[in-house]
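Asker: So here's protein29.tsv (TSV, C-alpha atoms).
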chain	number	residue	atom	x	y	z
X	1	MET	CA	0.00	0.00	0.00
X	2	ILE	CA	1.36	3.36	-1.13
X	3	GLY	CA	-0.49	6.63	-0.69
X	4	ILE	CA	-0.57	10.39	-0.38
X	5	THR	CA	-3.61	12.02	1.20
X	6	HIS	CA	-4.87	15.35	2.52
X	7	GLU	CA	-6.92	13.51	5.16
X	8	PRO	CA	-5.82	12.50	8.70
X	9	LEU	CA	-3.97	9.18	8.71
X	10	ASN	CA	-5.35	6.08	10.42
X	11	PRO	CA	-2.33	4.03	11.54
X	12	GLU	CA	-4.37	0.99	12.56
X	13	GLN	CA	-6.05	0.76	9.18
X	14	ILE	CA	-2.69	1.15	7.38
X	15	THR	CA	-1.03	-1.41	9.67
X	16	ASN	CA	-3.79	-3.90	8.91
X	17	GLN	CA	-2.78	-3.75	5.24
X	18	VAL	CA	0.54	-5.52	5.99
X	19	ARG	CA	-0.72	-8.12	8.48
X	20	GLN	CA	-0.60	-11.68	7.16
X	21	ASP	CA	-0.78	-15.00	8.96
X	22	GLY	CA	2.75	-15.83	7.79
X	23	ASN	CA	4.16	-12.74	9.54
X	24	GLY	CA	5.21	-12.91	13.18
X	25	ALA	CA	6.22	-9.27	13.51
X	26	VAL	CA	4.70	-5.93	12.61
X	27	VAL	CA	6.53	-2.61	13.08
X	28	THR	CA	4.67	0.65	12.49
X	29	PHE	CA	6.45	4.02	12.47
X	30	LEU	CA	4.48	7.24	12.97
X	31	GLY	CA	6.07	10.52	11.95
X	32	THR	CA	4.39	13.25	14.01
X	33	THR	CA	4.55	17.02	13.78
X	34	ARG	CA	6.81	18.64	16.42
X	35	ASP	CA	5.87	21.84	18.26
X	36	SER	CA	9.24	23.63	18.27
X	37	PHE	CA	12.32	24.50	16.23
X	38	GLU	CA	15.38	25.82	18.09
X	39	GLY	CA	13.17	27.11	20.89
X	40	LYS	CA	10.64	28.74	18.59
X	41	ARG	CA	7.02	27.66	18.82
X	42	VAL	CA	5.73	25.98	15.68
X	43	LEU	CA	2.01	26.58	15.11
X	44	LYS	CA	1.48	24.06	12.30
X	45	LEU	CA	3.20	22.44	9.35
X	46	ASP	CA	2.38	22.70	5.68
X	47	TYR	CA	3.35	19.80	3.42
X	48	GLU	CA	3.68	20.03	-0.34
X	49	ALA	CA	4.36	17.17	-2.77
X	50	TYR	CA	5.19	16.53	-6.39
X	51	GLU	CA	2.58	13.83	-6.15
X	52	GLU	CA	3.18	11.86	-9.34
X	53	MET	CA	6.89	11.50	-8.64
X	54	ALA	CA	6.45	11.06	-4.88
X	55	LEU	CA	4.15	8.08	-5.41
X	56	LYS	CA	6.60	6.61	-7.91
X	57	LYS	CA	9.53	7.01	-5.50
X	58	MET	CA	7.53	5.54	-2.59
X	59	ALA	CA	6.73	2.48	-4.73
X	60	GLU	CA	10.43	2.16	-5.66
X	61	ILE	CA	11.40	2.28	-1.97
X	62	GLN	CA	8.79	-0.37	-1.20
X	63	GLN	CA	10.22	-2.67	-3.88
X	64	GLU	CA	13.85	-1.91	-2.98
X	65	ILE	CA	13.44	-2.64	0.74
X	66	CYS	CA	11.27	-5.71	0.17
X	67	ALA	CA	14.02	-7.13	-2.07
X	68	GLU	CA	16.82	-6.18	0.33
X	69	PHE	CA	15.23	-7.86	3.34
X	70	GLY	CA	13.39	-10.67	1.55
X	71	ILE	CA	10.01	-9.52	2.82
X	72	ALA	CA	6.69	-8.80	1.10
X	73	ASP	CA	4.59	-6.45	3.23
X	74	ILE	CA	5.37	-2.72	3.41
X	75	ALA	CA	2.89	0.16	3.54
X	76	ILE	CA	3.92	3.83	3.15
X	77	VAL	CA	1.37	6.65	3.42
X	78	HIS	CA	2.17	10.37	3.68
X	79	ARG	CA	-0.22	13.16	4.59
X	80	ILE	CA	0.15	16.53	2.83
X	81	GLY	CA	-1.42	19.98	3.13
X	82	PRO	CA	-1.77	21.73	6.51
X	83	VAL	CA	-1.10	19.43	9.49
X	84	ASP	CA	-1.61	20.61	13.07
X	85	ILE	CA	0.99	19.99	15.79
X	86	GLY	CA	1.01	16.48	17.27
X	87	GLN	CA	-0.70	14.96	14.26
X	88	ILE	CA	0.59	12.06	12.17
X	89	SER	CA	2.22	13.05	8.88
X	90	LEU	CA	3.79	9.72	7.88
X	91	VAL	CA	2.92	6.08	8.51
X	92	VAL	CA	5.29	3.27	7.55
X	93	ALA	CA	4.13	-0.24	8.43
X	94	VAL	CA	6.33	-3.28	7.84
X	95	ALA	CA	5.54	-6.91	8.55
X	96	SER	CA	7.85	-9.90	8.28
X	97	PRO	CA	8.01	-13.49	9.48
X	98	HIS	CA	10.60	-12.52	12.15
X	99	ARG	CA	11.10	-9.27	14.07
X	100	LYS	CA	14.63	-8.30	13.03
X	101	GLU	CA	13.77	-7.72	9.38
X	102	ALA	CA	10.68	-5.71	10.30
X	103	PHE	CA	12.64	-3.35	12.61
X	104	TYR	CA	15.52	-2.82	10.19
X	105	ALA	CA	13.35	-2.52	7.10
X	106	CYS	CA	11.02	0.00	8.75
X	107	HIS	CA	13.97	2.19	9.81
X	108	LYS	CA	15.42	2.06	6.32
X	109	VAL	CA	12.13	2.86	4.59
X	110	VAL	CA	11.76	6.00	6.73
X	111	ASP	CA	15.33	7.07	5.95
X	112	ARG	CA	14.78	6.55	2.21
X	113	VAL	CA	11.49	8.47	2.26
X	114	LYS	CA	13.25	11.45	3.83
X	115	GLU	CA	16.09	11.13	1.33
X	116	ILE	CA	14.46	10.79	-2.10
X	117	VAL	CA	10.69	11.37	-2.02
X	118	PRO	CA	9.81	14.85	-3.35
X	119	ILE	CA	7.76	16.08	-0.40
X	120	TRP	CA	8.53	19.29	1.49
X	121	LYS	CA	7.44	20.61	4.87
X	122	LYS	CA	7.19	24.18	6.03
X	123	GLU	CA	7.14	25.11	9.70
X	124	VAL	CA	4.83	28.02	10.42
X	125	PHE	CA	5.76	30.26	13.39
X	126	GLU	CA	3.94	33.21	14.93
X	127	ASP	CA	6.26	35.58	13.08
X	128	GLY	CA	7.18	33.72	9.90
X	129	SER	CA	7.93	30.33	8.43
X	130	ARG	CA	10.72	28.19	7.01
X	131	TRP	CA	11.04	25.27	4.61
X	132	VAL	CA	12.67	22.49	6.59
X	133	ALA	CA	16.02	21.20	5.24
X	134	CYS	CA	16.09	23.93	2.63
X	135	GLU	CA	17.00	27.11	4.41
X	136	ASP	CA	18.67	25.74	7.53
X	137	HIS	CA	21.64	24.01	5.89
X	138	GLU	CA	21.39	25.84	2.57
X	139	PHE	CA	21.25	22.54	0.85
X	140	THR	CA	23.48	19.86	2.16
X	141	HIS	CA	22.52	16.29	1.44
X	142	PRO	CA	23.95	14.24	4.30
X	143	GLU	CA	24.07	10.52	3.78
X	144	PRO	CA	21.53	8.69	5.90
X	145	ALA	CA	22.84	6.55	8.72
X	146	VAL	CA	23.38	3.05	7.44
X	147	LEU	CA	21.88	0.31	9.53
X	148	ASN	CA	24.17	-2.52	10.41
X	149	THR	CA	22.10	-5.59	9.79
X	150	ASP	CA	24.94	-7.98	10.61
X	151	ASN	CA	24.61	-7.47	14.35
X	152	ASP	CA	21.76	-9.12	16.10
J	1	MET	CA	12.34	23.80	-27.88
J	2	HIS	CA	9.48	24.95	-25.72
J	3	LEU	CA	9.39	23.75	-22.10
J	4	VAL	CA	7.20	24.36	-19.08
J	5	VAL	CA	9.16	24.26	-15.82
J	6	THR	CA	7.39	23.66	-12.50
J	7	PHE	CA	8.73	25.07	-9.22
J	8	PHE	CA	7.98	23.50	-5.83
J	9	ALA	CA	8.13	24.63	-2.19
J	10	LEU	CA	11.13	26.91	-1.47
J	11	TYR	CA	11.88	27.42	-5.18
J	12	ARG	CA	8.24	28.29	-5.88
J	13	GLU	CA	8.31	30.95	-3.17
J	14	ARG	CA	11.73	32.36	-4.12
J	15	ALA	CA	10.84	32.52	-7.81
J	16	GLY	CA	7.39	33.90	-7.05
J	17	LEU	CA	5.75	31.56	-9.54
J	18	ARG	CA	4.69	27.96	-9.89
J	19	GLN	CA	5.31	27.45	-13.59
J	20	LEU	CA	7.48	29.12	-16.19
J	21	ALA	CA	7.38	28.73	-19.98
J	22	LEU	CA	10.91	28.66	-21.38
J	23	GLU	CA	12.61	28.46	-24.77
J	24	LEU	CA	15.78	26.38	-24.89
J	25	PRO	CA	17.89	25.61	-27.99
J	26	ASP	CA	17.23	22.15	-29.45
J	27	GLY	CA	19.65	19.64	-27.95
J	28	GLY	CA	19.78	21.61	-24.68
J	29	THR	CA	20.58	19.71	-21.50
J	30	VAL	CA	19.51	19.86	-17.88
J	31	THR	CA	22.60	22.00	-17.18
J	32	ASP	CA	21.59	24.43	-19.95
J	33	LEU	CA	18.19	24.65	-18.29
J	34	THR	CA	19.56	25.30	-14.79
J	35	ASP	CA	22.01	27.89	-16.18
J	36	THR	CA	19.07	29.72	-17.75
J	37	ILE	CA	17.06	29.45	-14.54
J	38	ARG	CA	19.95	30.81	-12.45
J	39	GLN	CA	20.33	33.81	-14.77
J	40	ARG	CA	16.67	34.56	-14.42
J	41	PHE	CA	16.46	33.87	-10.66
J	42	PRO	CA	19.93	34.54	-9.18
J	43	ASN	CA	18.67	34.07	-5.61
J	44	LEU	CA	16.98	30.72	-6.18
J	45	ALA	CA	19.88	28.68	-4.76
J	46	PRO	CA	23.45	29.46	-3.66
J	47	PRO	CA	26.00	29.26	-6.54
J	48	ASP	CA	27.77	26.23	-5.05
J	49	VAL	CA	24.53	24.29	-4.75
J	50	LYS	CA	23.34	22.05	-7.56
J	51	ILE	CA	19.73	22.65	-8.56
J	52	VAL	CA	18.17	19.20	-8.76
J	53	VAL	CA	15.90	18.65	-11.75
J	54	ALA	CA	13.30	15.97	-12.39
J	55	VAL	CA	12.41	15.13	-15.99
J	56	ASN	CA	9.23	13.13	-16.52
J	57	ALA	CA	9.04	12.34	-12.80
J	58	GLU	CA	12.59	10.99	-12.53
J	59	TYR	CA	15.77	12.57	-11.13
J	60	ALA	CA	17.79	13.71	-14.13
J	61	ASP	CA	21.57	13.78	-14.70
J	62	PRO	CA	23.01	17.20	-15.56
J	63	ASP	CA	23.98	16.08	-19.08
J	64	LEU	CA	20.57	14.60	-19.96
J	65	ALA	CA	19.24	16.07	-23.22
J	66	LEU	CA	15.81	17.65	-22.94
J	67	HIS	CA	13.03	17.30	-25.50
J	68	GLU	CA	9.96	19.29	-26.40
J	69	GLY	CA	7.08	18.23	-24.16
J	70	ASP	CA	9.22	16.90	-21.30
J	71	GLU	CA	7.73	17.43	-17.85
J	72	VAL	CA	10.46	19.41	-16.08
J	73	CYS	CA	10.38	20.18	-12.34
J	74	LEU	CA	12.88	21.87	-10.01
J	75	ILE	CA	13.31	19.87	-6.80
J	76	PRO	CA	14.56	21.72	-3.71
J	77	PRO	CA	16.06	19.54	-0.95
J	78	VAL	CA	13.29	17.24	0.22
J	79	SER	CA	11.97	17.15	3.78
J	80	GLY	CA	9.15	14.67	4.01
J	81	GLY	CA	8.31	12.66	7.11
How does this structure look as structure tokens?
Answerer:
Amino acid sequence: MIGITHEPLNPEQITNQVRQDGNGAVVTFLGTTRDSFEGKRVLKLDYEAYEEMALKKMAEIQQEICAEFGIADIAIVHRIGPVDIGQISLVVAVASPHRKEAFYACHKVVDRVKEIVPIWKKEVFEDGSRWVACEDHEFTHPEPAVLNTDND
Amino acid sequence: MHLVVTFFALYRERAGLRQLALELPDGGTVTDLTDTIRQRFPNLAPPDVKIVVAVNAEYADPDLALHEGDEVCLIPPVSGG
């Protein structure tokens, strides 16, 4: 399941999409909107997407991580538009026969979403706003932390 | 060739527009496009920063040749999640 929506996300419903009787583990990640940036109060966030490409990239990540971990059940759904503080903006649900793959794969899906999916968030303050990751570093692209899957 | 370039997020706000119609010589590349964009919008991105371009919903190499009718979008650093 891959999706982009303007509506509030329902993590239980999305998680149910990956549950199968052959899976013994389900890991669901919720990305939620934070209320501060460097001590400044954030009133809400505004998400924007290049939807056609974002959906394509989310599907690529789904296929890539399924292949890497030998699993079959990954759901990725992102909310866009205005999102109030404390609300869910991203749900990633991963199920696998055993827990290790589900934990690692879920972490990696989230990292990849933040790295390559064309979605942007703007923090709105009382006295202004900023596009996250754009104006703060003036455009560095740090490599995501690589998970070491060799260690148990 | 005639192209329509779409701006998102930070680039949309800095350029003050969402789409721009542009003429580029036939055989022009992604780099030719970003050079033209930088001339027109010098404050879009710092000079040492590469402007990432998507062509037909795929990240494009700088030397990719553009064609009439391509869907061209400027992609500021992403921040989903």
Asker: For chain X, list the residues within 10 Å of chain J, counting all atoms listed in the file, and write the list as an mmCIF file with C-alpha atoms, in the coordinates of the input.
Answerer:
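File written: out_9.cif
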data_model
loop_
_atom_site.group_PDB
_atom_site.id
_atom_site.type_symbol
_atom_site.label_atom_id
_atom_site.label_comp_id
_atom_site.auth_asym_id
_atom_site.auth_seq_id
_atom_site.Cartn_x
_atom_site.Cartn_y
_atom_site.Cartn_z
ATOM 1 C CA LEU X 30 4.480 7.240 12.970
ATOM 2 C CA GLY X 31 6.070 10.520 11.950
ATOM 3 C CA THR X 32 4.390 13.250 14.010
ATOM 4 C CA THR X 33 4.550 17.020 13.780
ATOM 5 C CA ASP X 46 2.380 22.700 5.680
ATOM 6 C CA TYR X 47 3.350 19.800 3.420
ATOM 7 C CA GLU X 48 3.680 20.030 -0.340
ATOM 8 C CA ALA X 49 4.360 17.170 -2.770
ATOM 9 C CA TYR X 50 5.190 16.530 -6.390
ATOM 10 C CA GLU X 51 2.580 13.830 -6.150
ATOM 11 C CA GLU X 52 3.180 11.860 -9.340
ATOM 12 C CA MET X 53 6.890 11.500 -8.640
ATOM 13 C CA ALA X 54 6.450 11.060 -4.880
ATOM 14 C CA LEU X 55 4.150 8.080 -5.410
ATOM 15 C CA LYS X 56 6.600 6.610 -7.910
ATOM 16 C CA LYS X 57 9.530 7.010 -5.500
ATOM 17 C CA VAL X 77 1.370 6.650 3.420
ATOM 18 C CA HIS X 78 2.170 10.370 3.680
ATOM 19 C CA ARG X 79 -0.220 13.160 4.590
ATOM 20 C CA ILE X 80 0.150 16.530 2.830
ATOM 21 C CA ILE X 88 0.590 12.060 12.170
ATOM 22 C CA SER X 89 2.220 13.050 8.880
ATOM 23 C CA LEU X 90 3.790 9.720 7.880
ATOM 24 C CA VAL X 91 2.920 6.080 8.510
ATOM 25 C CA VAL X 92 5.290 3.270 7.550
ATOM 26 C CA VAL X 110 11.760 6.000 6.730
ATOM 27 C CA ASP X 111 15.330 7.070 5.950
ATOM 28 C CA VAL X 113 11.490 8.470 2.260
ATOM 29 C CA LYS X 114 13.250 11.450 3.830
ATOM 30 C CA GLU X 115 16.090 11.130 1.330
ATOM 31 C CA ILE X 116 14.460 10.790 -2.100
ATOM 32 C CA VAL X 117 10.690 11.370 -2.020
ATOM 33 C CA PRO X 118 9.810 14.850 -3.350
ATOM 34 C CA ILE X 119 7.760 16.080 -0.400
ATOM 35 C CA TRP X 120 8.530 19.290 1.490
ATOM 36 C CA LYS X 121 7.440 20.610 4.870
ATOM 37 C CA LYS X 122 7.190 24.180 6.030
ATOM 38 C CA ARG X 130 10.720 28.190 7.010
ATOM 39 C CA TRP X 131 11.040 25.270 4.610
ATOM 40 C CA VAL X 132 12.670 22.490 6.590
ATOM 41 C CA ALA X 133 16.020 21.200 5.240
ATOM 42 C CA CYS X 134 16.090 23.930 2.630
ATOM 43 C CA GLU X 135 17.000 27.110 4.410
ATOM 44 C CA HIS X 137 21.640 24.010 5.890
ATOM 45 C CA GLU X 138 21.390 25.840 2.570
ATOM 46 C CA PHE X 139 21.250 22.540 0.850
ATOM 47 C CA THR X 140 23.480 19.860 2.160
ATOM 48 C CA HIS X 141 22.520 16.290 1.440
#
Asker: Need the shell around region 23-40 of chain J: protein/DNA/RNA residues with any atom at most 7 Å away, counting only C-alpha atoms. Skip same-chain ones fewer than 2 positions apart. Format as an MDAnalysis selection string?
Answerer: chainID J and resid 1:3 42 44 51 62:66
Asker: Contacts of region 60-70 of chain X at 8 Å or less, counting all atoms listed in the file, minus same-chain residues fewer than 5 places along, as a list of chain:residue names?
Answerer: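 Residues near the query, excluding close chain neighbours: X:Ala75, X:Ile76, X:Glu101, X:Ala105, X:Lys108, X:Val109, X:Arg112, X:Val113.
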Asker: Would you save the residues from that selection as a CSV table (one decimal), keeping the file's coordinate frame, using C-alpha atoms?
Answerer:
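The resulting result.csv:
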chain,number,residue,atom,x,y,z
X,75,ALA,CA,2.9,0.2,3.5
X,76,ILE,CA,3.9,3.8,3.2
X,101,GLU,CA,13.8,-7.7,9.4
X,105,ALA,CA,13.4,-2.5,7.1
X,108,LYS,CA,15.4,2.1,6.3
X,109,VAL,CA,12.1,2.9,4.6
X,112,ARG,CA,14.8,6.6,2.2
X,113,VAL,CA,11.5,8.5,2.3
Asker: What is the distance between CA of Arg99 (chain X) and CA of Thr5 (chain X), in Å to one decimal?
Answerer: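 Separation of CA of Arg99 (chain X) and CA of Thr5 (chain X): 28.9 Å.
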Asker: So the first atom is CA of Met58 (chain X) and the second is CA of Gly3 (chain X); what is the distance between them in Å, to one decimal place?
Answerer: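 Separating CA of Met58 (chain X) from CA of Gly3 (chain X) is a distance of 8.3 Å.
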Asker: What gap, in Å, lies between CA of Leu43 (chain X) and CA of Ile85 (chain X)?
Answerer: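 Interatomic distance here is 6.7 Å.
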Asker: Nearest to Arg18 (chain J): which of J:Val52, J:Leu74, J:Asn43, J:Gly69 is it, counting all atoms listed in the file?
Answerer: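 Of J:Val52, J:Leu74, J:Asn43, J:Gly69, the one nearest Arg18 (chain J), counting all atoms listed in the file, is J:Leu74.
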Asker: Out of X:Ser129, X:Thr15, X:Ser96, X:Asn23, which residue has the shortest atom-to-atom distance to Lys40 (chain X) when counting all atoms listed in the file?
Answerer: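 That would be X:Ser129, the residue with the smallest distance to Lys40 (chain X).
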